[in-house]
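Asks: Next up is a structure, given as C-alpha cells.
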Amino acid sequence: MKNITFYVNGAVQKINDEYPLYTSLGHYIRNVLKLTGTKVYCHEGGCGCCVVHASVFDQSSGETKEFSVNSCLFPLYSCDGYSFTTVEGLGNKNFGLHPLQKRLADANGSQCGFCSPGFVMTMYSKLKNNTKPSKEEIENSFDGNICRCTGYRAILDAMKSFAHDENPIDIEDLKNLKCLNKEQNKCNGCTDELESFHIKKDGKNWYSPVCVDQLKQFFASNSRVRFMNGNTSIGVYKRQGPFDCFIDLKNVKELNQVNVTNDSLTVGSAITLTRLQQIFKETSNNEKFSHLSKMADCLNKIGNVHIRNVASWAGNLAIKKEHKDFPSDVLIIFEICAARLNIYNKKTHIQLSLSEFLDSNELESNQYLIESVLFPSLDQNTKINYAKVSPRSTNSHAYINFGYRFSFESSESTVLKSKPVLVFNGLTEHFFHASEIEKFLGEKDISNNEIFKKSVEILTKELDSSGINEINDPLSPSSDYKINLAVSLFYKSILELNKVDKKFEKTIDNIVDIRTVSRSEQSFESKASLHPITKPMAKINAYSQTSGETKYVDDLSLLSSQTHGALILSTLANAKIESIQTDKVLNLPGVIAVYLAKDIPGENNLMPKPFNVEPVFADREVSYCGQPLGIVIAESHEIAKKAARMVQVNYADIKKPILTIEDAIEENSFHPKPIHDLMIGDAQSAIEKSKNKISGELSINSSQFNFYLEGIICNVEPTEDGYKIEVTTQWIDSVQRSVAMVLGIPASTIDVQVKQIGGGFGGKTTRANIVATAAALGAHFLRRPVKIHLDLNDCMDIIGKRPIWYVKYSVGFEDDGKLNGIDYDWYSTPGFSPNGSLAFCLYNFFDSAYSCPNYSVRQHLAKTNKAASTEVRSPDVFTCYTVTENVIQHVANHLGKDPIEIRERNFFKKGDKTASGHSLPYIEIDKLVTELKQTSDYYKRKEEIEQFNSQNRHKKKGIALIPMRYPLTYNLGYYNALVAIRHHDGSVLVSHGGIEMGQGIHTKVAQCVAFEFGIPIEIISVKSTNNLVNPNVLWSGGSVTSELCCKSVMGACSILKERLEPIRKQMSGDYTWAQLIEKAFSLNTDLSAMYLQRAGEFEDIMTYDIDAAACTEALIDTLTGETQILRTDILYDCGQT
C-alpha cells in the first residue's frame, strides 16, 4: 500500500491509514507534530489563525505553486506531494526571528497573539509569490484573516512595510528552508510524478486518482460519494453525508486542463478559483474574451484568498445544486458569461446550461461529476457585469448577488438585439432568472425612460410574487429590503449602460470597489524621565507570539490519561425535560461516561454569589436552545462531540419561547429590577415647561458575539490534594469558587492558573465557569484529566451575546439646545438570567459628556428564552452612550443645528456633578473637542460634504464629531502582586492578579518594576496568574486591571526598596544591582514582597474620568445600504501610560 508522503518545515511525513479520513492537516500539525503555533478555532476557513504555506508541483503549468491554505479544512489525505511551512519553520527567539515575525512584533501588531501566526504565514505566502508587492496587494491578501484585538492598523502598518516602495524583504529570507530528504534533489514535495492511491479506514474509502479513467472506475463502484478538491464546503455546511467514499480530484490530469481557442475557453473542474482568476486575466487579452478581465476581479468576492487557493469553481456550483439556499457567486458569473457545463452522470457525457443544471432532476446528489466548463466568446456589443451586496465586503455570503448580460445592436446603440439575461441569487431558493423582465426588455431601447419605469414595475411585481414574502428567517434581511435592493441593482445596471447626467455618475460605482488603501498616523508624548514607563516598545511576549512559541491552554501537552468532554445541548427552549436517554451513547466505542445534573455532588450552580443561580446542567426544564444538559466524556474530542449530539432528549410541555423585548413586554416577563429608578430633580415638570419637547423610541439591535479567536477551553486535572485547572478565563477567583460549589469541596483545594488567553473582550469573565464546572465534575468521578474545548459553533450555541436594547424617551430643551430634562425607559435583554447585565452600574456612565439637571430613568430587564448575555467590549455602556448620542442628534435635528453645537452647549464643566453624583474636578471635554475640530478640519470637510451631497443623487457622505467621558473606578475589587528578586543575579520574578489577554499587562507591569528598581526590563520575568499567589482577585476588565496591577507592583517594589535602602548605604563606590541584591541576601533580607490594592480606598466610587473625542467621515450608498468609513480622527487624554 502506497504511503502518503509530504513535508512539514522540510521534514518528511509518511502516513497510511493511521488517522480517520476526516482528519485535517491542522489536526495533524497540532496534535501529531505538536507544532502549536498554527491555531484552530472556527473550522470554517474564516478566521485565518490556521493558515500555513503550501508548495506543490502543478502538472498543468509545469511549475511549483506557492500558496496559503486553511489547515483546519485541508484534508490530511490530500497532502500527498505537498510541502508545508508553518510559523515554526520561519524562525524563533532562540535562533533568530524571520523579518516577518520581527516587524509584526515591533509594530505592536500582536496583542493577544492568537491570530499572529496566521497573519505571518499569509504574508509569507504573499511574498513567496511576489517579493515586491504593492500596498494594495498586501491589504487585499488579508481578506481571510481576522484580528479582534488590534483594529488592524498596527498589523497593516507592519505588513505594508514590505511593499515595493517601503522596505522590501531580502529574497534570501524567503529561501531559508532546506529540504531534509536526502534521497531526492528536489523540494516542494520532492516529486512531479503523482501516483494514484487508495486508503481504507473504518469501512470507508479514500481514492486519489490521477486520470479520468481511474476516477470513473472509483465513481462507478461506489454510491455515497463525496468529491474532494479543497474541502471548503465543510466550513459552510458542517454536517454533510454520510459518505462511504471520498474521491480527491486535485490530481486528475484531465480535470486540470485548460483549452483556449479563438471562440471558446474550456476550463477543467479541478481548477481552483485562484487559478481561474489567472486564466480569465490571461485570456482577456483576446478581444473576444475581454469581458473576462472584469469577471476575474469579481471572483475576488468569493470567500477569501486562502479559500480561493484550494476551492474549485465546480465545487461552488455543486454546493448550490445540493443546497438551494447557497448564494453562489460562481453561478451568477458563469451564467452571464453564457457558460455551459460538461457533466458525466455515470452513464454518459452531457452539456447543460447553468439553468438546466440547477433544474435537472436527473442529476442525483453525489451521482454526477462536473468535468469542465465552456465559455464562448462574446462580441463587443455584449455587456456583462456582476454585483454583490453582503454583510461584509469580503469573505461573506451575499444578501443578493446579481448579474446581467445585454446584447446591443451596435456599440453605440441602446437598443437590445435579443432578450437580455438578468439573474439573481439570494432571493428565494428557486428564483434565478428574472424571466418576466427578460421577456419584456427584448429588442427594446433601455435608454427610454418609460421602458425603464415599466421594467421596474414588472421586476417589482415578479420579485413580490417569488415567494420571498413567505420567508421567515431571522438571519436574513427583510423581504422589503431584498426586493428594493434587487430593483436598485437593476437600476444601477441601466445607468451603467446609458450616458447619464453627472449627478448620477457616482451612483454606478460600488462603494467596496472604490475603497482606497488605508493609511494611518499616530502621535503621543513620551517622557524620557519616566522611561521605561511611557517608552514605546514591543510587548515583552510579542516575539514569542509572532513566532508561534506562546502557549495557550489548548497548546499545552495532553496528559497521559487525558480524556475529552463535550456538552449535551438542548435543542428546544422553554420546555420541560421528560427524559435524557444515554444508554446507546455509553455503548459507543471510545465513550467513557455521561454525567447529568443528578450526578452533581454539590450545588448545581456555576455562578457564585452575589450572582443569580445559573445551573451547570438543566435539570427539570430548559430555558434556552443550546443550554447544557450534561457532559459526555470520551477518549477523543471528536468522539465526545459526536456522542453528545446522539444523546436522545425527550421534552414535554413545550411552550412558545420568549425571544424579543416585545415578546417579554407582551408576556410581562421581566427579571427583578437591578437597581432603583434614577430620579434627579423633576424631569416631567422640566420637560413640560421647556420651549421645545420631543419624544422618540430607539431599537438597538446590538446583539454581538465576542468572537475571541481562542475558544473557551478548560483542562481539569485531579491532583493528590485537589484539582489543577488550566482555563481561558478573565476571572480565576470566579472559576475557583464555582468549581468548589459544584463539587462541594473547599475552595482551597482548587488551583487555577492562567498565563495568557487568546482574547477575551468580556466574554471569558464568567462564561469559562460553564466548562470549568462540567470538566471538574468529570475529573471528580473519573480521577482522570478532562478537557473541554468549545469552538466557534459551541460558543455561539451555548453563550449569549451583547444585550439588545429598546428605549423610549422624552426630552425638554431650550432654543439654543440646552437640556432641561430627560425621561427614559430602558429595556434590555440579558437572556434567561440577568447575570450578564451591567445595568446596575449604568447610572455612572449614561450621561457621558453632557449635563442635564433633571433625569428620570427606569430600567427593565426582559427575561427571555435566550442564553445569558455576556460582557462584550464596553458591555451595556456602549449601548447607553448610543442612546444619549441619539437624543443629542434628535435635539439637533429638531432645531436644525449642527449636532456639535448642541453637544458643546451641554458639556460638563469642572466642578459639576454627574447624574450618579460623581464629582468632576478634572474634565477636559471642551478642550479636546475644540482641538479635534481644528486638527480634523471639521468645518472645512463639512462644507465639502454638503457640496458632495448636493452633486450626487444616491451616494451621500456624513461627518460626526462625538465626545465621550468614561468614568473609571478603583473601588470594585482586589488586585495584588508578588515581586521576588533572585539573589544570584538580581533578576526579578513578578506575579500579578490580572489576566494577559492582549492589553499588554505583563509589559506594563514589567515597565513599572524596571522603573522602580532602575534595572533593565530584560531581567524581569512575569509569571502566570494563579490563585495561590493571587487569591480573591477581581476579574480583568473594565479598563482598570492593568493600572491597578501596576499600582500593586509598584507598592511591592516600594516595600522592597525600603528593605534595600539600609544595604545601599553600606555599599561603597560603584556597585551593580546584582551586587546589591547579593549583599542583601547575605544579610538575610527578605527579597520578596506582596502588595494588595484594596477596594474602597477612594472616597468617590468613580476614581477619575477618561476624556476622548472622535471625528468620523462615512460614505453610504442609499440604494444598497452599503457603507464605507473614509476617515477617523481620535483624540484621547490617556495620561501617562
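So you can find residues: chains in the C-alpha cells are A, B, ... in the order shown, residues in each start at 1, and ligands are numbered from 1 in order.
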So which bits of region 665-792 of chain A end up alpha helix (DSSP H) when you DSSP the backbone, as a ChimeraX atom specification?
Replies: /A:665-667,683-689,732-743,768-782,792
Asks: Could you build a table of the residues in region 762-854 of chain A lying no more than 12 Å from region 1028-1040 of chain A, giving for each the nearest pair of atoms and their separation in Å rounded to one decimal place, using only C-alpha atoms, ordered by chain and ascending residue number, as a Markdown table?
Replies:
| residue | atom | partner | partner_atom | distance |
| --- | --- | --- | --- | --- |
| A:Gly762 | CA | A:Gly1037 | CA | 6.7 |
| A:Gly763 | CA | A:Gly1037 | CA | 10.2 |
| A:Lys764 | CA | A:Trp1035 | CA | 9.5 |
| A:Thr765 | CA | A:Trp1035 | CA | 6.4 |
| A:Thr766 | CA | A:Trp1035 | CA | 8.8 |
| A:Ala768 | CA | A:Trp1035 | CA | 12.0 |
| A:Leu838 | CA | A:Gly1038 | CA | 11.1 |
| A:Cys841 | CA | A:Gly1038 | CA | 11.6 |
Asks: Tell me which protein, DNA and RNA residues are within 8 Å of Pro420 (chain A), counting only C-alpha atoms, leaving out same-chain ones fewer than 6 positions away, and put them as a ChimeraX atom specification.
Replies: /A:404-407,438-439,441-442
Asks: Can you tell me, as a short mmCIF file (atom, residue, chain, number, x, y, z; two decimals) with N, CA, C and O atoms, in the first residue's frame, what residues are no more than 6 Å from Ala163 (chain A) when counting only C-alpha atoms, ignoring any on the same chain fewer than 3 positions away?
Replies:
data_model
loop_
_atom_site.label_atom_id
_atom_site.label_comp_id
_atom_site.auth_asym_id
_atom_site.auth_seq_id
_atom_site.Cartn_x
_atom_site.Cartn_y
_atom_site.Cartn_z
N LYS A 132 7.93 41.88 -4.13
CA LYS A 132 7.78 43.32 -4.03
C LYS A 132 6.35 43.74 -4.38
O LYS A 132 6.09 44.40 -5.39
N PRO A 133 5.41 43.36 -3.52
CA PRO A 133 4.01 43.69 -3.80
C PRO A 133 3.71 45.15 -3.52
O PRO A 133 4.47 45.85 -2.83
N SER A 134 2.58 45.61 -4.03
CA SER A 134 2.11 46.95 -3.72
C SER A 134 1.37 46.92 -2.38
O SER A 134 0.99 45.86 -1.88
N LYS A 135 1.13 48.09 -1.82
CA LYS A 135 0.39 48.15 -0.55
C LYS A 135 -1.04 47.66 -0.73
O LYS A 135 -1.59 47.01 0.17
N LYS A 160 2.63 46.35 5.43
CA LYS A 160 2.86 47.23 4.28
C LYS A 160 4.29 47.76 4.25
O LYS A 160 4.71 48.34 3.24
N GLU A 166 8.52 50.63 0.11
CA GLU A 166 8.87 50.80 1.52
C GLU A 166 10.20 50.12 1.79
O GLU A 166 11.26 50.59 1.40
N PRO A 168 11.32 46.44 1.11
CA PRO A 168 11.05 45.06 0.65
C PRO A 168 11.95 44.05 1.34
O PRO A 168 13.05 44.36 1.80
#
Asks: Tell me, as a PyMOL selection string, which residues lie within 10 Å of Leu265 (chain A), counting only C-alpha atoms; anything in the same chain fewer than 5 positions away does not count.
Replies: chain A and resi 258-260+279-280+283+289+339+373-377
Asks: Could you tell me, as a list in words, which residues of region 292-342 of chain A DSSP assigns to strand (DSSP E or B) when given the backbone?
Replies: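 Taking region 292-342 of chain A and keeping strand (DSSP E or B) gives Ser312, Arg340, Leu341 and Asn342 of chain A.
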Asks: Extract, using only C-alpha atoms, all DNA, RNA and protein residues at most 8 Å from Pro875 (chain A), discarding same-chain residues fewer than 2 positions from it, and format them as a PDB file with all heavy atoms, in the first residue's frame.
Replies:
ATOM      1  N   GLY A 762     -14.430  40.486  27.499  1.00  0.00           N
ATOM      2  CA  GLY A 762     -15.533  40.320  28.445  1.00  0.00           C
ATOM      3  C   GLY A 762     -16.191  38.962  28.367  1.00  0.00           C
ATOM      4  O   GLY A 762     -16.815  38.505  29.322  1.00  0.00           O
ATOM      5  N   ARG A 802     -24.059  40.345  23.271  1.00  0.00           N
ATOM      6  CA  ARG A 802     -24.360  41.661  23.836  1.00  0.00           C
ATOM      7  C   ARG A 802     -25.881  41.855  23.873  1.00  0.00           C
ATOM      8  O   ARG A 802     -26.566  41.553  22.894  1.00  0.00           O
ATOM      9  CB  ARG A 802     -23.711  42.746  22.971  1.00  0.00           C
ATOM     10  CG  ARG A 802     -23.833  44.151  23.547  1.00  0.00           C
ATOM     11  CD  ARG A 802     -23.461  45.209  22.522  1.00  0.00           C
ATOM     12  NE  ARG A 802     -22.072  45.201  22.142  1.00  0.00           N
ATOM     13  CZ  ARG A 802     -21.088  45.815  22.805  1.00  0.00           C
ATOM     14  NH1 ARG A 802     -21.362  46.478  23.907  1.00  0.00           N
ATOM     15  NH2 ARG A 802     -19.848  45.770  22.368  1.00  0.00           N
ATOM     16  N   SER A 837     -25.846  41.122  32.695  1.00  0.00           N
ATOM     17  CA  SER A 837     -26.221  42.528  32.551  1.00  0.00           C
ATOM     18  C   SER A 837     -25.415  43.396  33.506  1.00  0.00           C
ATOM     19  O   SER A 837     -25.211  43.050  34.671  1.00  0.00           O
ATOM     20  CB  SER A 837     -27.711  42.708  32.847  1.00  0.00           C
ATOM     21  OG  SER A 837     -28.052  44.073  32.899  1.00  0.00           O
ATOM     22  N   LEU A 838     -24.983  44.542  33.005  1.00  0.00           N
ATOM     23  CA  LEU A 838     -24.307  45.517  33.845  1.00  0.00           C
ATOM     24  C   LEU A 838     -25.199  46.736  34.095  1.00  0.00           C
ATOM     25  O   LEU A 838     -24.727  47.834  34.352  1.00  0.00           O
ATOM     26  CB  LEU A 838     -22.997  45.956  33.200  1.00  0.00           C
ATOM     27  CG  LEU A 838     -21.879  44.910  33.160  1.00  0.00           C
ATOM     28  CD1 LEU A 838     -20.583  45.534  32.689  1.00  0.00           C
ATOM     29  CD2 LEU A 838     -21.658  44.250  34.512  1.00  0.00           C
ATOM     30  N   THR A 870     -23.475  38.158  27.619  1.00  0.00           N
ATOM     31  CA  THR A 870     -22.105  38.261  28.118  1.00  0.00           C
ATOM     32  C   THR A 870     -21.627  39.697  28.036  1.00  0.00           C
ATOM     33  O   THR A 870     -22.182  40.523  27.311  1.00  0.00           O
ATOM     34  CB  THR A 870     -21.144  37.386  27.298  1.00  0.00           C
ATOM     35  OG1 THR A 870     -21.260  37.760  25.921  1.00  0.00           O
ATOM     36  CG2 THR A 870     -21.465  35.935  27.428  1.00  0.00           C
ATOM     37  N   GLU A 871     -20.568  39.943  28.764  1.00  0.00           N
ATOM     38  CA  GLU A 871     -19.905  41.235  28.647  1.00  0.00           C
ATOM     39  C   GLU A 871     -19.172  41.264  27.300  1.00  0.00           C
ATOM     40  O   GLU A 871     -18.366  40.381  27.015  1.00  0.00           O
ATOM     41  CB  GLU A 871     -18.912  41.426  29.789  1.00  0.00           C
ATOM     42  CG  GLU A 871     -19.562  41.487  31.170  1.00  0.00           C
ATOM     43  CD  GLU A 871     -19.862  40.130  31.779  1.00  0.00           C
ATOM     44  OE1 GLU A 871     -19.606  39.108  31.104  1.00  0.00           O
ATOM     45  OE2 GLU A 871     -20.351  40.068  32.907  1.00  0.00           O
ATOM     46  N   VAL A 872     -19.482  42.259  26.498  1.00  0.00           N
ATOM     47  CA  VAL A 872     -18.840  42.402  25.188  1.00  0.00           C
ATOM     48  C   VAL A 872     -18.311  43.823  25.073  1.00  0.00           C
ATOM     49  O   VAL A 872     -19.086  44.763  24.986  1.00  0.00           O
ATOM     50  CB  VAL A 872     -19.829  42.135  24.026  1.00  0.00           C
ATOM     51  CG1 VAL A 872     -19.101  42.215  22.685  1.00  0.00           C
ATOM     52  CG2 VAL A 872     -20.489  40.772  24.177  1.00  0.00           C
ATOM     53  N   ARG A 873     -17.023  43.999  25.135  1.00  0.00           N
ATOM     54  CA  ARG A 873     -16.364  45.287  24.934  1.00  0.00           C
ATOM     55  C   ARG A 873     -17.243  46.484  25.297  1.00  0.00           C
ATOM     56  O   ARG A 873     -18.076  46.896  24.514  1.00  0.00           O
ATOM     57  CB  ARG A 873     -15.866  45.393  23.501  1.00  0.00           C
ATOM     58  CG  ARG A 873     -14.518  44.715  23.300  1.00  0.00           C
ATOM     59  CD  ARG A 873     -13.986  44.915  21.900  1.00  0.00           C
ATOM     60  NE  ARG A 873     -12.563  44.611  21.831  1.00  0.00           N
ATOM     61  CZ  ARG A 873     -11.875  44.483  20.706  1.00  0.00           C
ATOM     62  NH1 ARG A 873     -12.472  44.643  19.557  1.00  0.00           N
ATOM     63  NH2 ARG A 873     -10.588  44.217  20.724  1.00  0.00           N
ATOM     64  N   VAL A 877     -22.536  49.737  28.481  1.00  0.00           N
ATOM     65  CA  VAL A 877     -22.073  51.125  28.493  1.00  0.00           C
ATOM     66  C   VAL A 877     -22.101  51.699  27.079  1.00  0.00           C
ATOM     67  O   VAL A 877     -22.602  52.803  26.841  1.00  0.00           O
ATOM     68  CB  VAL A 877     -20.658  51.229  29.090  1.00  0.00           C
ATOM     69  CG1 VAL A 877     -20.128  52.645  28.981  1.00  0.00           C
ATOM     70  CG2 VAL A 877     -20.659  50.748  30.541  1.00  0.00           C
ATOM     71  N   PHE A 878     -21.567  50.927  26.145  1.00  0.00           N
ATOM     72  CA  PHE A 878     -21.592  51.348  24.734  1.00  0.00           C
ATOM     73  C   PHE A 878     -23.024  51.666  24.299  1.00  0.00           C
ATOM     74  O   PHE A 878     -23.290  52.649  23.609  1.00  0.00           O
ATOM     75  CB  PHE A 878     -20.988  50.248  23.864  1.00  0.00           C
ATOM     76  CG  PHE A 878     -21.559  50.145  22.480  1.00  0.00           C
ATOM     77  CD1 PHE A 878     -21.147  51.014  21.483  1.00  0.00           C
ATOM     78  CD2 PHE A 878     -22.509  49.189  22.179  1.00  0.00           C
ATOM     79  CE1 PHE A 878     -21.680  50.928  20.212  1.00  0.00           C
ATOM     80  CE2 PHE A 878     -23.049  49.099  20.906  1.00  0.00           C
ATOM     81  CZ  PHE A 878     -22.629  49.973  19.918  1.00  0.00           C
ATOM     82  N   THR A 879     -23.965  50.810  24.737  1.00  0.00           N
ATOM     83  CA  THR A 879     -25.357  50.977  24.302  1.00  0.00           C
ATOM     84  C   THR A 879     -25.991  52.215  24.910  1.00  0.00           C
ATOM     85  O   THR A 879     -26.710  52.956  24.233  1.00  0.00           O
ATOM     86  CB  THR A 879     -26.171  49.724  24.676  1.00  0.00           C
ATOM     87  OG1 THR A 879     -25.359  48.559  24.545  1.00  0.00           O
ATOM     88  CG2 THR A 879     -27.372  49.586  23.776  1.00  0.00           C
TER      89      THR A 879
END
Asks: Please report the interatomic distance between CA of Gly426 (chain A) and CA of Asn381 (chain A) in Å with one decimal.
Replies: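 For CA of Gly426 (chain A) relative to CA of Asn381 (chain A), the distance reads 28.9 Å.
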Asks: With a distance cut-off of 8 Å and only C-alpha atoms, select the neighbouring residues of Asp1129 (chain A), excluding the residue or stretch itself and same-chain residues fewer than 2 positions from it, and output the selection as a list in words.
Replies: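 Residues near the query, excluding close chain neighbours: Leu932, Ser936, Ala1110, Cys1111, Thr1112, Arg1127 and Leu1131 of chain A.
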Asks: Okay, now the selection with N, CA, C and O atoms, as a CSV table (one decimal), in the first residue's frame?
Replies:
chain,number,residue,atom,x,y,z
A,932,LEU,N,-9.8,69.0,18.4
A,932,LEU,CA,-10.1,68.0,17.4
A,932,LEU,C,-10.8,68.7,16.2
A,932,LEU,O,-10.6,68.3,15.0
A,936,SER,N,-8.9,68.0,12.7
A,936,SER,CA,-9.6,67.2,11.8
A,936,SER,C,-10.2,68.0,10.6
A,936,SER,O,-10.8,67.4,9.7
A,1110,ALA,N,-13.9,61.7,19.0
A,1110,ALA,CA,-13.6,61.1,17.7
A,1110,ALA,C,-14.4,61.8,16.6
A,1110,ALA,O,-15.6,62.2,16.8
A,1111,CYS,N,-13.8,62.0,15.5
A,1111,CYS,CA,-14.4,62.6,14.3
A,1111,CYS,C,-14.4,61.6,13.1
A,1111,CYS,O,-13.3,61.2,12.7
A,1112,THR,N,-15.5,61.2,12.7
A,1112,THR,CA,-15.5,60.2,11.6
A,1112,THR,C,-16.4,60.6,10.4
A,1112,THR,O,-17.4,61.2,10.6
A,1127,ARG,N,-12.6,58.2,7.0
A,1127,ARG,CA,-11.6,58.7,7.8
A,1127,ARG,C,-12.0,58.8,9.3
A,1127,ARG,O,-13.2,59.1,9.5
A,1131,LEU,N,-8.9,61.7,19.4
A,1131,LEU,CA,-8.1,62.5,20.3
A,1131,LEU,C,-8.4,62.0,21.7
A,1131,LEU,O,-9.6,61.9,22.1
Asks: In terms of the shortest atom-to-atom distance over only C-alpha atoms, which of A:Glu457, A:Val594, A:Asn692, A:Val1049 is closest to Val647 (chain A)?
Replies: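 Looking at the shortest contact to Val647 (chain A), the residue is A:Val594.
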Asks: At what distance in Å, to one decimal, does CA of Val883 (chain A) lie from CA of Asp816 (chain A)?
Replies: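 So the answer is 20.9 Å.
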Asks: Considering only C-alpha atoms, can you say which of A:Arg1059, A:Arg965, A:Lys492, A:Arg982 comes closest to Asn510 (chain A)?
Replies: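 That would be A:Lys492, the residue with the smallest distance to Asn510 (chain A).
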Asks: Which distance in Å separates CA of Gln13 (chain A) and CA of Arg226 (chain A), to one decimal?
Replies: 25.5 Å
Asks: Using only C-alpha atoms, which of A:Ser390, A:Asn844, A:Thr266, A:Asn541 sits nearest Ser919 (chain A)?
Replies: A:Asn844
